[in-house]
>>> print(open('input-v6.pdb').read())   # PDB, C-alpha atoms
MODEL        1
ATOM      1  CA  MET A 166    -120.487 -71.470   2.010
ATOM      2  CA  ALA A 167    -120.247 -67.691   1.607
ATOM      3  CA  LYS A 168    -118.684 -66.233  -1.526
ATOM      4  CA  LYS A 169    -115.297 -64.621  -0.830
ATOM      5  CA  GLU A 170    -114.778 -61.068  -2.026
ATOM      6  CA  PHE A 171    -111.389 -60.005  -3.378
ATOM      7  CA  LEU A 172    -109.613 -56.796  -2.546
ATOM      8  CA  THR A 173    -109.862 -54.585  -5.645
ATOM      9  CA  TYR A 174    -107.917 -51.671  -7.090
ATOM     10  CA  LYS A 175    -109.536 -49.512  -9.758
ATOM     11  CA  GLY A 176    -112.178 -52.167 -10.366
ATOM     12  CA  TYR A 177    -109.872 -55.171 -10.795
ATOM     13  CA  PRO A 178    -109.231 -57.881  -8.176
ATOM     14  CA  LEU A 179    -105.908 -58.247  -6.344
ATOM     15  CA  VAL A 180    -104.695 -61.665  -5.187
ATOM     16  CA  ARG A 181    -101.466 -62.062  -3.228
ATOM     17  CA  SER A 182     -99.342 -65.178  -2.898
ATOM     18  CA  GLY A 183     -96.149 -64.526  -0.940
ATOM     19  CA  LYS A 184     -94.259 -61.721  -2.686
ATOM     20  CA  THR A 185     -96.299 -62.052  -5.876
ATOM     21  CA  ILE A 186     -99.468 -60.060  -6.547
ATOM     22  CA  TYR A 187    -101.855 -60.933  -9.380
ATOM     23  CA  TYR A 188    -103.907 -57.988 -10.574
ATOM     24  CA  GLY A 189    -106.899 -58.458 -12.872
ATOM     25  CA  ASN A 190    -109.592 -60.976 -13.660
ATOM     26  CA  ALA A 191    -108.316 -64.351 -14.917
ATOM     27  CA  TYR A 192    -111.250 -64.498 -17.364
ATOM     28  CA  ASP A 193    -110.084 -61.327 -19.147
ATOM     29  CA  PRO A 194    -107.566 -61.539 -22.017
ATOM     30  CA  PHE A 195    -104.765 -60.015 -19.886
ATOM     31  CA  ILE A 196    -103.669 -59.881 -16.230
ATOM     32  CA  ILE A 197    -100.742 -58.286 -14.403
ATOM     33  CA  MET A 198     -98.202 -60.146 -12.292
ATOM     34  CA  ILE A 199     -96.289 -58.001  -9.792
ATOM     35  CA  GLN A 200     -93.272 -59.484  -8.024
ATOM     36  CA  ILE A 201     -91.639 -57.756  -5.076
ATOM     37  CA  ALA A 202     -87.927 -58.285  -5.731
ATOM     38  CA  THR A 203     -86.470 -56.362  -2.783
ATOM     39  CA  THR A 204     -87.790 -54.736   0.370
ATOM     40  CA  ARG A 205     -86.476 -52.200   2.873
ATOM     41  CA  MET A 206     -87.351 -51.357   6.440
ATOM     42  CA  GLN A 207     -88.987 -48.020   7.214
ATOM     43  CA  GLY A 208     -89.268 -47.907  10.963
ATOM     44  CA  ASP A 209     -90.994 -51.151  11.960
ATOM     45  CA  ILE A 210     -92.622 -51.689   8.560
ATOM     46  CA  GLU A 211     -91.210 -53.663   5.622
ATOM     47  CA  ILE A 212     -91.743 -51.651   2.402
ATOM     48  CA  ALA A 213     -91.493 -52.922  -1.188
ATOM     49  CA  ASP A 214     -88.450 -51.367  -2.853
ATOM     50  CA  LYS A 215     -87.741 -52.934  -6.261
ATOM     51  CA  VAL A 216     -90.893 -54.247  -7.963
ATOM     52  CA  LEU A 217     -91.135 -56.181 -11.244
ATOM     53  CA  ILE A 218     -94.300 -55.859 -13.360
ATOM     54  CA  GLN A 219     -95.433 -58.113 -16.226
ATOM     55  CA  LEU A 220     -98.506 -57.866 -18.444
ATOM     56  CA  LEU A 221     -99.492 -61.467 -19.201
ATOM     57  CA  ASN A 222    -101.766 -62.939 -21.861
ATOM     58  CA  THR A 223    -104.202 -65.434 -20.273
ATOM     59  CA  ASP A 224    -104.633 -67.568 -23.420
ATOM     60  CA  PRO A 225    -103.759 -71.152 -22.363
ATOM     61  CA  ASP A 226    -102.739 -72.082 -25.926
ATOM     62  CA  ILE A 227     -99.768 -69.695 -25.884
ATOM     63  CA  ARG A 228     -96.399 -70.956 -24.606
ATOM     64  CA  PRO A 229     -95.400 -69.516 -21.210
ATOM     65  CA  ARG A 230     -92.489 -67.439 -22.586
ATOM     66  CA  GLU A 231     -94.772 -65.866 -25.192
ATOM     67  CA  ARG A 232     -97.408 -64.889 -22.608
ATOM     68  CA  ILE A 233     -95.311 -61.937 -21.413
ATOM     69  CA  VAL A 234     -96.529 -58.930 -23.410
ATOM     70  CA  LYS A 235     -94.786 -56.124 -21.468
ATOM     71  CA  LYS A 236     -92.487 -55.918 -18.484
ATOM     72  CA  SER A 237     -90.963 -53.171 -16.387
ATOM     73  CA  GLU A 238     -89.222 -52.522 -13.098
ATOM     74  CA  LYS A 239     -90.344 -49.778 -10.718
ATOM     75  CA  LYS A 240     -89.190 -48.433  -7.378
ATOM     76  CA  GLY A 241     -91.998 -48.934  -4.897
ATOM     77  CA  LEU A 242     -95.371 -50.631  -4.986
ATOM     78  CA  TYR A 243     -97.300 -47.404  -5.620
ATOM     79  CA  ALA A 244     -95.453 -46.696  -8.894
ATOM     80  CA  ALA A 245     -95.874 -50.350  -9.914
ATOM     81  CA  MET A 246     -99.630 -50.340  -9.254
ATOM     82  CA  ASP A 247     -99.995 -47.057 -11.135
ATOM     83  CA  ILE A 248     -98.420 -48.413 -14.345
ATOM     84  CA  ALA A 249    -100.127 -51.814 -13.878
ATOM     85  CA  ALA A 250    -103.573 -50.176 -13.811
ATOM     86  CA  ILE A 251    -102.830 -48.288 -17.037
ATOM     87  CA  TRP A 252    -101.468 -51.368 -18.846
ATOM     88  CA  LEU A 253    -104.365 -53.556 -17.742
ATOM     89  CA  GLU A 254    -107.043 -51.057 -18.737
ATOM     90  CA  ARG A 255    -105.490 -50.464 -22.168
ATOM     91  CA  ALA A 256    -104.904 -54.168 -22.859
ATOM     92  CA  ASN A 257    -108.383 -55.346 -21.841
ATOM     93  CA  ASN A 258    -110.239 -52.364 -23.357
ATOM     94  CA  PRO A 259    -108.303 -51.453 -26.530
ATOM     95  CA  LYS A 260    -111.021 -49.076 -27.846
ATOM     96  CA  SER A 261    -111.153 -46.986 -24.630
TER
ENDMDL
END
>>> encode(input="input-v6.pdb", output="structure tokens")
Amino acid sequence: MAKKEFLTYKGYPLVRSGKTIYYGNAYDPFIIMIQIATTRMQGDIEIADKVLIQLLNTDPDIRPRERIVKKSEKKGLYAAMDIAAIWLERANNPKS
């Protein structure tokens, strides 16, 4: 069976499940969870409007509530991905 390649953004994989997007490698210390809260129609296309972002710790020994390191709300997917990329890079590479 052929290995499946993930869509990537700035070197990290993106995985979508419904209106939730996981950004980052699950083997790294941190990942990002992006949830599309509301959408709007622009012509014939549905566009993400209100987007929730969470930086999550991947340590399985931490309780689920304590896994949330940072969270924010942005207007639009582009703004959400922009801040998500910064958070993920800083969290997984603290010396950079």
>>> closest_residue(input="input-v6.pdb", among="A:Lys260, A:Lys239, A:Ala202, A:Thr173", to="A:Tyr188", atoms="all atoms listed in the file")
A:Thr173
>>> resolve_selection(input="input-v6.pdb", expression="the PyMOL selection byres ((chain A and resi 223-233) around 8)", output="number ranges by chain")
A: 191-196, 219-222, 234-236
>>> closest_residue(input="input-v6.pdb", among="A:Lys175, A:Arg181, A:Lys215, A:Lys169", to="A:Asp247", atoms="all atoms listed in the file")
A:Lys175
>>> residues_around(input="input-v6.pdb", residues="A:Phe171", least_positions_apart="3", cutoff="8 Å", atoms="only C-alpha atoms", output="short mmCIF file (atom, residue, chain, number, x, y, z; two decimals) with C-alpha atoms, keeping the file's coordinate frame")
data_model
loop_
_atom_site.label_atom_id
_atom_site.label_comp_id
_atom_site.auth_asym_id
_atom_site.auth_seq_id
_atom_site.Cartn_x
_atom_site.Cartn_y
_atom_site.Cartn_z
CA PRO A 178 -109.23 -57.88 -8.18
CA LEU A 179 -105.91 -58.25 -6.34
CA VAL A 180 -104.70 -61.66 -5.19
#
>>> resolve_selection(input="input-v6.pdb", expression="the PyMOL selection byres ((chain A and resi 238) around 6)", output="list in words")
Val216, Leu217, Ser237 and Lys239 of chain A
>>> atom_distance(input="input-v6.pdb", atom1="atom CA of A:Ile186", atom2="atom CA of A:Arg255")
19.3 Å
>>> resolve_selection(input="input-v6.pdb", expression="the PyMOL selection byres ((chain A and resi 203) around 12)", output="PyMOL selection string")
chain A and resi 184-185+200-202+204-206+211-217+238-242
>>> write_last_selection(input="input-v6.pdb", atoms="C-alpha atoms", output="tab-separated table (two decimals), in the coordinates of the input")
chain	number	residue	atom	x	y	z
A	184	LYS	CA	-94.26	-61.72	-2.69
A	185	THR	CA	-96.30	-62.05	-5.88
A	200	GLN	CA	-93.27	-59.48	-8.02
A	201	ILE	CA	-91.64	-57.76	-5.08
A	202	ALA	CA	-87.93	-58.28	-5.73
A	204	THR	CA	-87.79	-54.74	0.37
A	205	ARG	CA	-86.48	-52.20	2.87
A	206	MET	CA	-87.35	-51.36	6.44
A	211	GLU	CA	-91.21	-53.66	5.62
A	212	ILE	CA	-91.74	-51.65	2.40
A	213	ALA	CA	-91.49	-52.92	-1.19
A	214	ASP	CA	-88.45	-51.37	-2.85
A	215	LYS	CA	-87.74	-52.93	-6.26
A	216	VAL	CA	-90.89	-54.25	-7.96
A	217	LEU	CA	-91.14	-56.18	-11.24
A	238	GLU	CA	-89.22	-52.52	-13.10
A	239	LYS	CA	-90.34	-49.78	-10.72
A	240	LYS	CA	-89.19	-48.43	-7.38
A	241	GLY	CA	-92.00	-48.93	-4.90
A	242	LEU	CA	-95.37	-50.63	-4.99
>>> closest_residue(input="input-v6.pdb", among="A:Ile199, A:Ala250, A:Ala244, A:Ala256", to="A:Gly183", atoms="only C-alpha atoms")
A:Ile199
>>> closest_residue(input="input-v6.pdb", among="A:Tyr174, A:Pro259, A:Asp209, A:Glu254", to="A:Tyr187", atoms="only C-alpha atoms")
A:Tyr174
>>> atom_distance(input="input-v6.pdb", atom1="atom CA of A:Ala249", atom2="atom CA of A:Gly208")
27.4 Å
>>> atom_distance(input="input-v6.pdb", atom1="atom CA of A:Ile218", atom2="atom CA of A:Leu253")
11.2 Å
>>> closest_residue(input="input-v6.pdb", among="A:Glu170, A:Ser182, A:Ile197, A:Tyr177", to="A:Ala245", atoms="all atoms listed in the file")
A:Ile197
>>> decode(input="input-v6.pdb", residues="stretch 218-233 of chain A", atoms="N, CA and C atoms", output="short mmCIF file (atom, residue, chain, number, x, y, z; two decimals), in the first residue's frame")
data_model
loop_
_atom_site.label_atom_id
_atom_site.label_comp_id
_atom_site.auth_asym_id
_atom_site.auth_seq_id
_atom_site.Cartn_x
_atom_site.Cartn_y
_atom_site.Cartn_z
N ILE A 218 -8.58 29.02 17.60
CA ILE A 218 -7.26 28.39 17.51
C ILE A 218 -6.82 27.99 18.92
N GLN A 219 -6.25 26.78 19.04
CA GLN A 219 -5.70 26.33 20.32
C GLN A 219 -4.36 25.67 20.09
N LEU A 220 -3.37 26.06 20.89
CA LEU A 220 -2.08 25.39 20.93
C LEU A 220 -2.19 24.31 21.98
N LEU A 221 -1.99 23.05 21.59
CA LEU A 221 -2.18 21.91 22.49
C LEU A 221 -0.88 21.17 22.75
N ASN A 222 -0.68 20.79 24.00
CA ASN A 222 0.44 19.94 24.40
C ASN A 222 0.06 18.51 24.03
N THR A 223 0.97 17.75 23.44
CA THR A 223 0.67 16.37 23.01
C THR A 223 1.02 15.32 24.06
N ASP A 224 1.48 15.74 25.22
CA ASP A 224 1.85 14.79 26.29
C ASP A 224 0.61 14.05 26.77
N PRO A 225 0.56 12.71 26.63
CA PRO A 225 -0.63 11.96 27.03
C PRO A 225 -0.84 11.89 28.54
N ASP A 226 0.17 12.23 29.32
CA ASP A 226 0.05 12.18 30.78
C ASP A 226 -0.62 13.42 31.37
N ILE A 227 -0.83 14.44 30.56
CA ILE A 227 -1.46 15.67 31.03
C ILE A 227 -2.98 15.55 30.83
N ARG A 228 -3.75 16.06 31.81
CA ARG A 228 -5.20 16.02 31.71
C ARG A 228 -5.66 16.89 30.53
N PRO A 229 -6.76 16.51 29.88
CA PRO A 229 -7.21 17.24 28.69
C PRO A 229 -7.36 18.75 28.88
N ARG A 230 -7.89 19.20 29.99
CA ARG A 230 -8.06 20.64 30.23
C ARG A 230 -6.72 21.36 30.32
N GLU A 231 -5.70 20.67 30.81
CA GLU A 231 -4.39 21.28 30.99
C GLU A 231 -3.56 21.25 29.70
N ARG A 232 -4.02 20.56 28.69
CA ARG A 232 -3.29 20.47 27.42
C ARG A 232 -3.35 21.77 26.63
N ILE A 233 -4.37 22.59 26.88
CA ILE A 233 -4.51 23.85 26.15
C ILE A 233 -3.50 24.85 26.71
#
